[in-house]
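Enquirer: Below is start_15.txt; it holds compact mmCIF, C-alpha atoms.
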```txt
# COMPACT_ATOMS: atom_id res chain seq x y z
CA MET P 1 31.84 23.05 -32.47
CA THR P 2 33.56 19.88 -31.33
CA ALA P 3 33.11 18.49 -27.83
CA MET P 4 35.76 19.07 -25.21
CA ALA P 5 37.86 16.04 -24.29
CA SER P 6 36.28 16.03 -20.83
CA GLU P 7 32.82 15.72 -22.40
CA THR P 8 34.05 12.85 -24.56
CA VAL P 9 35.36 11.07 -21.44
CA LYS P 10 32.03 11.58 -19.66
CA ALA P 11 30.14 10.09 -22.62
CA ALA P 12 32.59 7.17 -22.73
CA VAL P 13 32.11 6.48 -19.00
CA VAL P 14 28.32 6.51 -19.51
CA ASP P 15 28.72 4.04 -22.40
CA LEU P 16 31.08 1.90 -20.34
CA LEU P 17 28.60 1.67 -17.46
CA ALA P 18 25.67 1.01 -19.81
CA ALA P 19 27.57 -1.70 -21.69
CA SER P 20 28.55 -3.43 -18.44
CA CYS P 21 25.01 -3.49 -17.08
CA VAL P 22 23.76 -7.06 -16.96
CA ALA P 23 20.03 -7.74 -17.22
CA GLY P 24 18.92 -4.24 -16.26
CA ARG P 25 20.55 -4.33 -12.84
CA TYR P 26 20.84 -0.56 -12.91
CA ARG P 27 20.00 2.44 -15.06
CA VAL P 28 22.53 4.97 -16.32
CA ALA P 29 21.94 8.71 -16.70
CA GLY P 30 24.58 11.00 -18.20
CA HIS P 31 23.41 13.91 -16.10
CA ALA P 32 22.35 14.73 -12.56
CA VAL P 33 18.77 13.61 -11.92
CA THR P 34 17.06 16.22 -9.78
CA GLU P 35 14.87 13.82 -7.90
CA GLU P 36 14.10 10.16 -8.27
CA THR P 37 10.44 9.40 -8.86
CA ALA P 38 8.45 6.50 -7.53
CA GLU P 39 7.61 5.43 -11.08
CA ARG P 40 11.28 5.06 -12.01
CA LEU P 41 12.05 3.27 -8.76
CA LYS P 42 9.42 0.71 -9.65
CA ASP P 43 11.35 -0.26 -12.80
CA SER P 44 14.76 -0.64 -11.24
CA ASN P 45 16.06 0.04 -7.79
CA ARG P 46 19.53 1.13 -8.91
CA LEU P 47 20.55 4.25 -10.76
CA VAL P 48 23.97 5.62 -11.70
CA GLN P 49 24.33 9.26 -12.69
CA VAL P 50 27.46 10.58 -14.34
CA TYR P 51 28.20 14.28 -14.67
CA LEU P 52 31.12 16.66 -14.92
CA LYS P 53 31.52 18.39 -11.57
CA ARG P 54 34.50 20.72 -11.82
CA GLY P 55 37.80 21.23 -13.53
CA THR P 56 40.94 23.32 -13.49
CA PHE P 57 43.29 24.44 -16.24
CA PRO P 58 46.75 24.51 -14.64
CA LYS P 59 48.58 27.34 -16.36
CA GLY P 60 52.04 25.97 -15.65
CA SER P 61 51.45 22.73 -17.53
CA SER P 62 49.76 24.20 -20.60
CA GLY P 63 51.33 25.56 -23.74
CA LYS P 64 50.60 29.13 -24.82
CA HIS P 65 49.50 28.12 -28.30
CA GLY P 66 49.15 24.38 -27.92
CA PRO P 67 46.73 22.15 -26.08
CA VAL P 68 45.65 23.10 -22.57
CA SER P 69 45.87 20.65 -19.69
CA HIS P 70 42.51 20.04 -18.07
CA ASP P 71 42.23 18.44 -14.62
CA VAL P 72 38.67 17.21 -14.46
CA VAL P 73 36.50 15.83 -11.68
CA LEU P 74 33.65 13.63 -12.85
CA THR P 75 31.01 12.70 -10.31
CA ILE P 76 29.56 9.20 -10.41
CA GLU P 77 26.53 9.08 -8.17
CA LEU P 78 24.88 5.81 -7.26
CA THR P 79 21.35 5.57 -5.90
CA THR P 80 19.59 2.50 -4.63
CA ALA P 81 16.20 1.84 -3.07
CA ALA P 82 15.00 -1.06 -0.97
CA ALA P 83 11.97 -2.11 1.02
CA SER P 84 11.97 -4.17 4.21
CA LYS P 85 11.92 -7.91 3.60
CA ALA P 86 10.73 -10.96 5.46
CA ASP P 87 9.37 -14.38 4.69
CA LEU P 88 5.76 -13.25 4.84
CA SER P 89 4.42 -16.73 4.15
CA VAL P 90 5.51 -17.80 7.65
CA PHE P 91 3.59 -14.96 9.33
CA GLU P 92 0.56 -15.61 7.14
CA SER P 93 0.55 -19.32 7.89
CA GLU P 94 -1.97 -20.50 10.47
CA SER P 95 0.22 -23.46 11.34
CA ALA P 96 3.53 -21.63 11.87
CA THR P 97 5.18 -22.61 15.15
CA PRO P 98 6.75 -20.05 17.50
CA ALA P 99 10.17 -21.38 16.50
CA GLN P 100 9.42 -20.78 12.80
CA LEU P 101 8.08 -17.30 13.57
CA ALA P 102 11.16 -16.47 15.64
CA GLU P 103 13.41 -17.63 12.80
CA ALA P 104 11.48 -15.57 10.23
CA LEU P 105 11.71 -12.54 12.51
CA ALA P 106 15.44 -12.96 13.01
CA GLU P 107 15.94 -13.19 9.25
CA SER P 108 13.75 -10.17 8.45
CA GLN P 109 15.68 -7.23 7.10
CA ASP P 110 15.06 -3.56 7.57
CA ALA P 111 14.87 -1.38 4.40
CA GLY P 112 17.82 0.74 5.51
CA GLU P 113 19.95 -2.33 6.16
CA ILE P 114 19.16 -3.79 2.72
CA ALA P 115 19.77 -0.48 0.95
CA ASP P 116 23.11 -0.09 2.74
CA ALA P 117 24.32 -3.57 1.75
CA ASP P 118 23.04 -3.04 -1.80
CA ILE P 119 24.83 0.25 -2.32
CA ASP P 120 28.08 -1.18 -0.95
CA GLU P 121 27.89 -3.94 -3.56
CA PHE P 122 26.94 -1.44 -6.28
CA PHE P 123 29.89 0.79 -5.34
CA ARG P 124 32.26 -2.19 -5.43
CA PHE P 125 31.02 -3.10 -8.92
CA VAL P 126 31.29 0.43 -10.36
CA ARG P 127 34.65 1.10 -8.73
CA ASP P 128 36.07 -2.19 -10.04
CA LEU P 129 34.78 -1.35 -13.50
CA VAL P 130 36.11 2.21 -13.65
CA MET P 131 39.48 1.35 -12.09
CA SER P 132 39.93 -1.89 -14.05
CA ASN P 133 43.23 -2.33 -15.87
CA SER P 134 41.31 -2.71 -19.11
CA ASN P 135 39.70 0.73 -18.64
CA THR P 136 42.73 2.92 -18.05
CA ASN P 137 41.53 5.25 -20.80
CA LEU P 138 37.98 5.24 -19.36
CA GLY P 139 36.46 3.78 -22.50
CA VAL P 140 37.92 6.38 -24.88
CA PRO P 141 39.86 4.73 -27.75
CA LYS P 142 43.56 5.39 -27.17
CA THR P 143 43.87 6.48 -30.78
CA THR P 144 41.45 9.38 -30.06
CA PHE P 145 43.36 10.81 -27.09
CA ARG P 146 44.91 9.70 -23.83
CA VAL P 147 43.29 10.03 -20.42
CA ALA P 148 45.89 10.46 -17.69
CA ASP P 149 45.90 10.12 -13.90
CA ARG P 150 42.51 8.41 -13.67
CA TRP P 151 41.73 8.00 -9.99
CA ILE P 152 38.77 7.80 -7.62
CA ASP P 153 39.79 10.32 -4.97
CA THR P 154 36.83 10.39 -2.62
CA TRP P 155 33.47 8.79 -2.05
CA GLU P 156 30.69 9.63 0.33
CA LYS P 157 27.45 7.96 1.33
CA SER P 158 24.39 10.04 2.14
CA ALA P 159 21.90 9.44 4.94
CA PRO P 160 18.96 7.28 3.82
CA ILE P 161 15.69 8.99 3.00
CA GLN P 162 12.29 7.38 3.03
CA ARG P 163 10.10 7.46 -0.09
CA GLY P 164 6.96 5.37 0.27
CA GLU P 165 8.06 2.04 1.70
CA ASN P 166 11.52 2.41 0.17
CA ALA P 167 14.66 3.56 1.89
CA ILE P 168 16.71 5.48 -0.69
CA LEU P 169 20.45 5.71 -0.30
CA ALA P 170 22.97 7.56 -2.45
CA LEU P 171 26.73 7.25 -2.77
CA SER P 172 28.78 9.77 -4.65
CA MET P 173 32.34 9.28 -5.86
CA ASP P 174 34.69 11.75 -7.50
CA LEU P 175 36.67 10.42 -10.43
CA SER P 176 39.55 12.68 -11.39
CA PHE P 177 41.58 12.55 -14.59
CA ARG P 178 43.64 14.77 -16.86
CA VAL P 179 43.13 15.38 -20.56
CA ALA P 180 44.51 17.79 -23.14
CA GLU P 181 41.93 20.22 -24.48
CA HIS P 182 42.25 21.78 -27.92
CA LEU P 183 40.61 25.07 -28.70
CA SER P 184 37.74 24.62 -31.04
CA GLY P 185 36.33 27.14 -33.48
CA ALA P 186 38.11 29.33 -36.04
CA THR P 187 41.83 28.94 -36.50
CA PRO P 188 43.45 32.36 -36.18
CA VAL P 189 45.40 33.68 -39.17
CA THR P 190 48.82 35.02 -38.36
CA PRO P 191 49.63 37.77 -40.89
CA GLU P 192 53.03 37.72 -42.48
CA ALA P 193 54.86 40.97 -43.24
CA GLY P 194 54.51 42.06 -46.83
CA LYS P 195 51.78 39.57 -47.73
CA LEU P 196 48.44 40.69 -49.13
CA LEU P 197 45.45 39.11 -47.48
CA ASP P 198 41.88 38.82 -48.66
CA GLY P 199 39.22 39.81 -46.24
CA GLU P 200 35.82 41.27 -45.65
CA ILE P 201 34.90 44.31 -43.63
CA THR P 202 31.37 44.89 -42.47
CA THR P 203 30.40 48.33 -41.30
CA THR P 204 27.50 49.20 -39.07
CA THR P 205 25.66 52.49 -39.27
CA ASP P 206 23.28 54.39 -37.06
CA GLU P 207 19.81 55.57 -38.01
CA ASP P 208 21.29 58.55 -39.90
CA SER P 209 23.44 56.15 -41.96
CA GLU P 210 26.56 57.44 -40.23
CA PRO P 211 29.18 54.69 -39.74
CA VAL P 212 29.50 53.74 -36.08
CA GLY P 213 31.63 50.60 -36.23
CA CYS P 214 33.10 47.87 -38.33
CA ALA P 215 34.23 44.28 -38.05
CA GLY P 216 36.68 42.47 -40.27
CA VAL P 217 37.33 38.83 -41.02
CA LEU P 218 40.45 37.74 -42.80
CA ALA P 219 40.10 35.01 -45.38
CA GLY P 220 40.85 31.63 -43.95
CA GLY P 221 39.94 32.41 -40.39
CA MET U 1 0.40 6.62 38.82
CA GLY U 2 -2.30 8.73 40.29
CA GLY U 3 -4.59 11.69 39.86
CA PHE U 4 -4.63 13.21 36.40
CA VAL U 5 -2.25 10.63 34.92
CA ALA U 6 -4.36 7.72 36.16
CA GLU U 7 -7.49 9.34 34.77
CA ALA U 8 -5.83 10.00 31.41
CA GLU U 9 -4.71 6.38 31.24
CA SER U 10 -8.22 5.17 31.95
CA TYR U 11 -9.53 7.25 29.03
CA LEU U 12 -7.26 5.28 26.71
CA GLY U 13 -9.71 2.44 27.04
CA GLU U 14 -12.15 4.56 25.07
CA THR U 15 -9.83 6.47 22.75
CA LEU U 16 -7.58 3.59 21.71
CA GLU U 17 -9.67 0.53 22.35
CA GLY U 18 -13.18 1.90 21.97
CA TYR U 19 -15.00 2.34 18.69
CA THR U 20 -11.78 3.32 16.84
CA GLY U 21 -9.91 0.32 18.19
CA GLU U 22 -8.81 -2.43 15.83
CA LEU U 23 -7.24 -5.80 16.32
CA VAL U 24 -3.45 -5.70 16.17
CA THR U 25 -1.49 -8.95 16.11
CA MET U 26 2.13 -8.73 17.18
CA PHE U 27 4.84 -11.32 16.60
CA ALA U 28 7.55 -11.03 19.25
CA PRO U 29 11.21 -11.91 18.65
CA ASP U 30 10.77 -15.19 20.53
CA GLY U 31 8.00 -16.21 18.12
CA ALA U 32 5.19 -15.61 20.63
CA THR U 33 2.02 -14.08 19.20
CA HIS U 34 0.30 -11.26 21.12
CA THR U 35 -2.91 -9.47 20.30
CA ALA U 36 -4.16 -6.08 21.40
CA GLN U 37 -6.75 -3.48 20.54
CA GLY U 38 -5.25 -0.27 19.23
CA LYS U 39 -5.74 2.73 17.06
CA VAL U 40 -4.23 2.51 13.56
CA LEU U 41 -3.20 5.71 11.79
CA ARG U 42 -2.83 4.69 8.18
CA GLU U 43 -0.85 5.66 5.12
CA THR U 44 -0.33 9.21 4.11
CA PHE U 45 -0.06 10.32 0.52
CA THR U 46 2.67 12.47 -0.91
CA GLN U 47 3.43 13.55 -4.47
CA ASP U 48 6.66 12.93 -6.26
CA THR U 49 8.21 15.24 -8.83
CA ASP U 50 6.12 13.73 -11.63
CA GLY U 51 2.98 14.69 -9.77
CA GLN U 52 2.21 11.07 -9.11
CA ARG U 53 0.80 9.97 -5.83
CA VAL U 54 3.12 8.03 -3.58
CA ILE U 55 1.64 5.99 -0.77
CA ASP U 56 3.75 6.06 2.34
CA HIS U 57 3.13 2.59 3.75
CA LYS U 58 4.13 3.66 7.20
CA PRO U 59 1.19 3.24 9.53
CA VAL U 60 1.40 4.17 13.18
CA VAL U 61 -0.26 2.01 15.81
CA GLU U 62 -1.15 3.47 19.19
CA LEU U 63 -1.52 0.95 21.98
CA ARG U 64 -2.29 1.07 25.67
CA ARG U 65 0.83 -0.09 27.49
CA SER U 66 -1.07 -1.61 30.39
CA THR U 67 -2.80 -4.11 28.08
CA LEU U 68 0.40 -5.47 26.55
CA GLU U 69 1.93 -8.69 27.78
CA ARG U 70 5.32 -7.61 26.51
CA ILE U 71 6.56 -4.17 25.46
CA PRO U 72 8.91 -4.05 22.44
CA ALA U 73 12.38 -3.03 23.54
CA ASP U 74 14.75 -0.87 21.49
CA GLY U 75 16.46 -2.88 18.77
CA GLU U 76 14.07 -5.81 18.92
CA LYS U 77 12.51 -7.09 15.69
CA TRP U 78 8.74 -7.31 15.82
CA VAL U 79 6.24 -7.88 13.06
CA PHE U 80 2.77 -6.35 13.34
CA GLU U 81 -0.25 -7.62 11.46
CA ILE U 82 -2.89 -4.98 10.81
CA GLN U 83 -5.50 -4.13 8.20
CA PRO U 84 -3.99 -1.73 5.64
CA HIS U 85 -7.51 -0.49 4.91
CA PRO U 86 -10.07 0.30 7.59
CA ALA U 87 -12.98 -1.49 5.89
CA ALA U 88 -14.45 -4.22 8.07
CA GLY U 89 -13.29 -7.68 7.10
CA SER U 90 -10.53 -6.45 4.77
CA GLU U 91 -7.33 -8.42 4.43
CA THR U 92 -4.46 -7.95 6.82
CA ALA U 93 -0.82 -7.25 5.99
CA MET U 94 2.49 -7.58 7.79
CA TYR U 95 4.62 -4.62 8.82
CA LEU U 96 8.02 -4.43 10.42
CA LEU U 97 8.30 -2.41 13.61
CA LYS U 98 10.66 0.46 12.86
CA SER U 99 10.67 2.22 16.20
CA THR U 100 8.50 3.09 19.17
CA SER U 101 7.90 6.51 20.56
CA LYS U 102 8.62 7.45 24.14
CA GLU U 103 6.17 10.32 24.05
CA GLY U 104 2.92 9.57 25.83
CA ALA U 105 4.60 6.84 27.89
CA SER U 106 3.82 8.65 31.12
CA ILE U 107 0.09 8.36 30.45
CA GLY U 108 0.40 4.80 29.22
CA VAL U 109 0.44 5.23 25.43
CA MET U 110 2.85 3.43 23.17
CA ARG U 111 3.16 4.61 19.59
CA CYS U 112 4.61 2.06 17.16
CA TYR U 113 6.01 3.19 13.80
CA LEU U 114 5.68 0.49 11.16
CA GLU U 115 7.10 -0.10 7.70
CA ALA U 116 5.67 -2.18 4.85
CA MET U 117 7.53 -5.34 3.88
CA VAL U 118 7.95 -7.39 0.73
CA GLN U 119 8.44 -11.12 0.40
CA SER U 120 12.13 -12.02 0.72
```
As a first step, turn the structure in this file into structure tokens.

Expert:
Amino acid sequence: MTAMASETVKAAVVDLLAASCVAGRYRVAGHAVTEETAERLKDSNRLVQVYLKRGTFPKGSSGKHGPVSHDVVLTIELTTAAASKADLSVFESESATPAQLAEALAESQDAGEIADADIDEFFRFVRDLVMSNSNTNLGVPKTTFRVADRWIDTWEKSAPIQRGENAILALSMDLSFRVAEHLSGATPVTPEAGKLLDGEITTTTDEDSEPVGCAGVLAGG
Amino acid sequence: MGGFVAEAESYLGETLEGYTGELVTMFAPDGATHTAQGKVLRETFTQDTDGQRVIDHKPVVELRRSTLERIPADGEKWVFEIQPHPAAGSETAMYLLKSTSKEGASIGVMRCYLEAMVQS
């Protein structure tokens, strides 16, 4: 069974994000990660998850026998983690002056503050990538099919949560687009009047070998 | 302060600064260094979804308000130096003051919530 166009777009967006990742700055998952573990956070503090969230098939813009319009919402969820930072060498120095300590204190950054700035930058990067003029088809070759009405409708940042010394922050954006879906599976055979068709009929029987039902398949479908 | 409250405050000398008391060094926003004796409640352990142990580097320091030269105000950045491990003579580490608790203030306790830091 072939993948739906929406699934192809999701896979292409995952590939697009993975291909644009420079020097492991983030990790990409083509599904919703239930919970981020400390072990994974140790490797990289940024994660992007891509998954299909919902879709509608508008009846008015779909053909009865032809392709069906599919309005899809793809969620792109960004997660980042950060620990508080300061120039610890100043505090550890025996010879640090009060002025140097005051400066190091003023420049220290809270985990939540760092995570917030980091996720804003991460969002800017991903949004620029997805909405770039060179990605109007979201990474799907235009010869395969067209992706229409690509747009980031909404985004929302969650409240930070604490995991160990890290503040973890998530930002979720909804990317909507429209594709044409083709029905997969067997092609139905439309009988023509007066034409003989080959076929196969399978009967089912009960324990007394009495027929209780049958199913037929016409040749070619 | 009088009666029961005064008595409770005097007990802090034993409960916070007595045999459980440890040296706490505090760096104020103006760069001044203060020291105090206080009780350090150390890391707790939680488990993540992989069953691995996660150390919450968020110690809590309880101090006697009356012994402090300056009390951290809301929004001020302070760095606390404490021993992450209670063993005598172990190394100290720096923590950023996240917030202070108002509870216990009436009997002279100040609870400081700290957060581990990494080198910037």

Enquirer: For each of P:Glu165, P:Asp206, P:Glu77, P:Glu7, take the minimum atom-to-atom distance to chain U, counting only C-alpha atoms, then give the residue where this is smallest.

Expert: P:Glu165

Enquirer: Specify as a short mmCIF file (atom, residue, chain, number, x, y, z; two decimals) with C-alpha atoms, in the coordinates of the input all residues of chain P found within 10 Å of chain U, counting all atoms listed in the file.

Expert:
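Contents of out-v1.cif, as written:
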```cif
data_model
loop_
_atom_site.label_atom_id
_atom_site.label_comp_id
_atom_site.auth_asym_id
_atom_site.auth_seq_id
_atom_site.Cartn_x
_atom_site.Cartn_y
_atom_site.Cartn_z
CA THR P 34 17.06 16.22 -9.78
CA GLU P 35 14.87 13.82 -7.90
CA GLU P 36 14.10 10.16 -8.27
CA THR P 37 10.44 9.40 -8.86
CA ALA P 38 8.45 6.50 -7.53
CA GLU P 39 7.61 5.43 -11.08
CA ALA P 82 15.00 -1.06 -0.97
CA ALA P 83 11.97 -2.11 1.02
CA SER P 84 11.97 -4.17 4.21
CA LYS P 85 11.92 -7.91 3.60
CA ALA P 86 10.73 -10.96 5.46
CA ASP P 87 9.37 -14.38 4.69
CA LEU P 88 5.76 -13.25 4.84
CA SER P 89 4.42 -16.73 4.15
CA PHE P 91 3.59 -14.96 9.33
CA GLU P 92 0.56 -15.61 7.14
CA ALA P 96 3.53 -21.63 11.87
CA THR P 97 5.18 -22.61 15.15
CA PRO P 98 6.75 -20.05 17.50
CA ALA P 99 10.17 -21.38 16.50
CA GLN P 100 9.42 -20.78 12.80
CA LEU P 101 8.08 -17.30 13.57
CA ALA P 102 11.16 -16.47 15.64
CA GLU P 103 13.41 -17.63 12.80
CA ALA P 104 11.48 -15.57 10.23
CA LEU P 105 11.71 -12.54 12.51
CA ALA P 106 15.44 -12.96 13.01
CA GLU P 107 15.94 -13.19 9.25
CA SER P 108 13.75 -10.17 8.45
CA GLN P 109 15.68 -7.23 7.10
CA ASP P 110 15.06 -3.56 7.57
CA ALA P 111 14.87 -1.38 4.40
CA GLN P 162 12.29 7.38 3.03
CA ARG P 163 10.10 7.46 -0.09
CA GLY P 164 6.96 5.37 0.27
CA GLU P 165 8.06 2.04 1.70
CA ASN P 166 11.52 2.41 0.17
#
```

Enquirer: Using only C-alpha atoms, tabulate the residues of stretch 10-128 of chain P lying at most 12 Å from any atom of stretch 138-143 of chain P, each with its closest atom pair and that distance in Å to one decimal, by chain and increasing residue number, as a Markdown table.

Expert:
```
| residue | atom | partner | partner_atom | distance |
| --- | --- | --- | --- | --- |
| P:Lys10 | CA | P:Leu138 | CA | 8.7 |
| P:Ala11 | CA | P:Val140 | CA | 8.9 |
| P:Ala12 | CA | P:Gly139 | CA | 5.1 |
| P:Val13 | CA | P:Leu138 | CA | 6.0 |
| P:Val14 | CA | P:Gly139 | CA | 9.1 |
| P:Asp15 | CA | P:Gly139 | CA | 7.7 |
| P:Leu16 | CA | P:Gly139 | CA | 6.1 |
| P:Leu17 | CA | P:Gly139 | CA | 9.6 |
| P:Ala18 | CA | P:Gly139 | CA | 11.5 |
| P:Ala19 | CA | P:Gly139 | CA | 10.5 |
| P:Ser20 | CA | P:Gly139 | CA | 11.4 |
| P:Leu74 | CA | P:Leu138 | CA | 11.5 |
| P:Arg127 | CA | P:Leu138 | CA | 11.9 |
```

Enquirer: Let me have the centre and edge lengths of the axis-aligned box enclosing all listed atoms of stretch 45-51 of chain P with 5 Å padding on every side, in Å to one decimal, as AutoDock Vina command-line options.

Expert:
```
--center_x 22.1 --center_y 7.2 --center_z -11.2 --size_x 22.1 --size_y 24.2 --size_z 16.9
```

Enquirer: Under the rule that all atoms listed in the file are counted, which of U:Ser10, U:Ser106, U:Thr15, U:Thr67 is the nearest residue to U:His34?

Expert: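 Under the stated criterion, the closest residue is U:Thr67.
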
Enquirer: Please provide the set of residues having any atom within 9 Å of P:Leu47, restricted to all atoms listed in the file, with same-chain residues fewer than 2 positions apart removed, written as a PyMOL selection string.

Expert: chain P and resi 25-29+41+44-45+49+77-80

Enquirer: Atom CA of U:Leu68 and atom CA of U:Arg111 are how many Å apart?

Expert: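 Here the two named atoms are 12.6 Å from each other.
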
Enquirer: Find, counting all atoms listed in the file, the residue in P:Leu129, P:Val147, P:Ala180, P:Leu175 that gets nearest to P:Ser61.

Expert: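 Closest candidate: P:Ala180.
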